[in-house]
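Q: Before we start, here is the structure in question, set down as structure tokens.
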Amino acid sequence: MLLKNRKFYYLIFLSLTITTIKLIYSYTRKAEVDLPKVEIGEIKKSQSKKNIANVSFSPNGKYILSWSHKHARIWDLSLNSIAELQGYQGKIYKASFSPSGKYIATFNSDKSIRIWDIYGKQIAVVSGQYNQLDPTIFSLEKNYFLTIPEDDPNTAIIWDLAGRQITKLQGHVEKINSARFSNNGRLIVTASNDGTARIWDLSGKQIAKLKGNEKPVYDASFSPDNQRVLTTQRVLKRSLSDKSASIWDLSGKQLTTVKNSKDNVGFYEAFFSPDGKYIITTTIEENEANIWDLLGRQVSKIEDREENIFDIGFNSKSNIAITSFKTSQEFKLWNLSGKSFKTIPGMYNDISNASFSPDGKYLVTSSYGPGRIYNIHLWEISTN
């Protein structure tokens, strides 16, 4: 009797095990079927003997900006050079397009911020500024830009494109680490070592104070719909590492906070996805990037045990992310489940960075090849 009972329970266990295996296999197969079918092909390439360390699309998708410490150049989508920015002194620390794509700002080692049109004409210079995360960010609706003066780092200044001072944002009691416009150009958010981020209007009036943090706020940025603010905190004892990222509404109410599951590991950077549905955080110490929803729940993890993630971009049009790996000179494409499904092989000695076009149809990458030749590659992305 006992032997029969054992056989009966054994058969039940075996049946449940087989059923479980089938369900797991079915789920895995479905996940594989649901992966985006992405085709990517190189359609243009440009080579130069001048250093190209960074490339990015303009927000309107019409132009590409390349820059390094010594050179900055504007290209069209056929990789024809439109203009080279000339006339500055020293090195370029950062260069960026305005949201309209009509202007470029460069921050230079002579502590000047220079504004250029897309044909390379310099239209304004503001001196005596210092660089943090963003040397200058343009307003979308108005032709304004922001600086943080070297002699008064607790203050941010709004300028017009003629280099005339419009107003000052005053209220922080310690150094401001970043200052950014909202995407509609109507508000500014600043982040400071005084443990607060603050929201301002264009007249310089403080709208809200995002407080409750004792640690310095390293960065603050608006969501694409301008309804939320994302802040990251700097832990001064761990260089280039933020312990948490928080989401706030425009009244200063903290909505949620995301933290790394490992207490001793912080974030290197945090930013909204282009569609505003996700938060992406990168963690250099663990060679990983995490994707979170707006409730602070982890959606997926992009992780590679063998490589250091050197750069990451996010394409909301097809829900794919791209990472570059310094040592193996390759890019990998990932889906939102954190699975790598396509690799762009490394053909050159050094991969610098990558940028998706706003419509998600193109990818631009830069690399350094044999014979001290610098390359820009334009890729076309198709999904179905």
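Labels used: A, B, ... for chains in the order of the structure tokens, numbers from 1 for residues in each chain, and numbers from 1 for ligands as shown.
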Within 12 Å of stretch 82-98 of chain A, which residues of stretch 149-248 of chain A show up? Give each one with its shortest atom-to-atom distance in Å (one decimal) and the two atoms involved, counting only C-alpha atoms, rows by chain then rising residue number, as CSV.

A:
residue,atom,partner,partner_atom,distance
A:Leu161,CA,A:Ser98,CA,11.4
A:Arg180,CA,A:Ser98,CA,11.9
A:Phe181,CA,A:Ser98,CA,10.9
A:Asn183,CA,A:Ser98,CA,10.8
A:Gly185,CA,A:Ser98,CA,11.2

Q: With a distance cut-off of 10 Å and only C-alpha atoms, select the neighbouring residues of A:Ala197, excluding the residue or stretch itself and same-chain residues fewer than 4 positions from it, and output the selection as a ChimeraX atom specification.

A: /A:172,176-179,189-193,208-213,216-221,229-232,252

Q: Can you pull out every residue within 7 Å of A:Glu303, counting only C-alpha atoms, but drop anything in the same chain fewer than 2 positions away, and send it as a list in words?

A: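 Within the cut-off, the hits are Asn287, Glu288, Ala289, Lys301 and Arg305 of chain A.
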
Q: Given the selection you just returned, output its residues as a file containing C-alpha atoms, formatted as a PDB file, in the first residue's frame.

A:
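New file out-v6.pdb:
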ATOM      1  CA  ASN A 287      28.531  47.316 -15.594  1.00  0.00           C
ATOM      2  CA  GLU A 288      24.775  47.687 -15.820  1.00  0.00           C
ATOM      3  CA  ALA A 289      21.910  49.968 -16.718  1.00  0.00           C
ATOM      4  CA  LYS A 301      18.279  45.360 -16.210  1.00  0.00           C
ATOM      5  CA  ARG A 305      29.522  40.656 -16.989  1.00  0.00           C
TER       6      ARG A 305
END

Q: Between atom CA of A:Ser357 and atom CA of A:Tyr144, what is the distance in Å, rounded to a tenth?

A: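 Atom CA of A:Tyr144 lies 24.1 Å from atom CA of A:Ser357.
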
Q: Identify which of the residues A:Ile123, A:Ile376, A:Leu77, A:Ile247 lies closest to A:Asn54, counting only C-alpha atoms when measuring atom-to-atom distances.

A: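 Once distances to A:Asn54 are computed over only C-alpha atoms, the minimum belongs to A:Ile376.
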
Q: Extract, using only C-alpha atoms, all DNA, RNA and protein residues at most 6 Å from A:Ser244, discarding same-chain residues fewer than 4 positions from it, and format them as an MDAnalysis selection string.

A: chainID A and resid 232:233 258:259

Q: Take the selection from the previous step and output its residues with C-alpha atoms, as a short mmCIF file (atom, residue, chain, number, x, y, z; two decimals), in the first residue's frame.

A:
data_model
loop_
_atom_site.label_atom_id
_atom_site.label_comp_id
_atom_site.auth_asym_id
_atom_site.auth_seq_id
_atom_site.Cartn_x
_atom_site.Cartn_y
_atom_site.Cartn_z
CA THR A 232 19.80 62.61 -8.51
CA GLN A 233 21.79 62.91 -5.30
CA VAL A 258 14.47 54.59 -7.10
CA LYS A 259 17.57 53.10 -5.53
#

Q: Could you pull the residues within 8 Å of A:Asp359, counting only C-alpha atoms, minus those fewer than 2 positions along the same chain, as a PDB file with N, CA and C atoms, in the first residue's frame?

A:
ATOM      1  N   GLY A  61      16.217  66.504 -35.999  1.00  0.00           N
ATOM      2  CA  GLY A  61      16.650  65.377 -36.819  1.00  0.00           C
ATOM      3  C   GLY A  61      17.287  65.736 -38.144  1.00  0.00           C
ATOM      4  N   LYS A 317      10.905  54.826 -29.945  1.00  0.00           N
ATOM      5  CA  LYS A 317      10.062  54.475 -31.087  1.00  0.00           C
ATOM      6  C   LYS A 317       9.951  52.966 -31.260  1.00  0.00           C
ATOM      7  N   SER A 357      18.412  59.145 -33.781  1.00  0.00           N
ATOM      8  CA  SER A 357      17.668  60.288 -34.308  1.00  0.00           C
ATOM      9  C   SER A 357      16.338  60.394 -33.564  1.00  0.00           C
ATOM     10  N   LYS A 361      14.661  56.394 -36.573  1.00  0.00           N
ATOM     11  CA  LYS A 361      14.969  55.715 -37.834  1.00  0.00           C
ATOM     12  C   LYS A 361      16.468  55.585 -38.099  1.00  0.00           C
ATOM     13  N   TYR A 362      17.264  56.389 -37.391  1.00  0.00           N
ATOM     14  CA  TYR A 362      18.689  56.397 -37.676  1.00  0.00           C
ATOM     15  C   TYR A 362      19.497  56.343 -36.383  1.00  0.00           C
TER      16      TYR A 362
END

Q: I want to know what sits within 7 Å of A:Thr256, based on only C-alpha atoms, with residues of the same chain fewer than 3 positions away left out; could you give that as a PyMOL selection string?

A: chain A and resi 246-247+295-296

Q: DSSP says strand (DSSP E) for which residues of stretch 48-210 of chain A? Put them as a ChimeraX atom specification?

A: /A:48,54-57,63-67,72-76,81-84,92-97,103-108,112-117,122-127,144-147,156-160,165-169,176-181,187-192,197-201,206-210
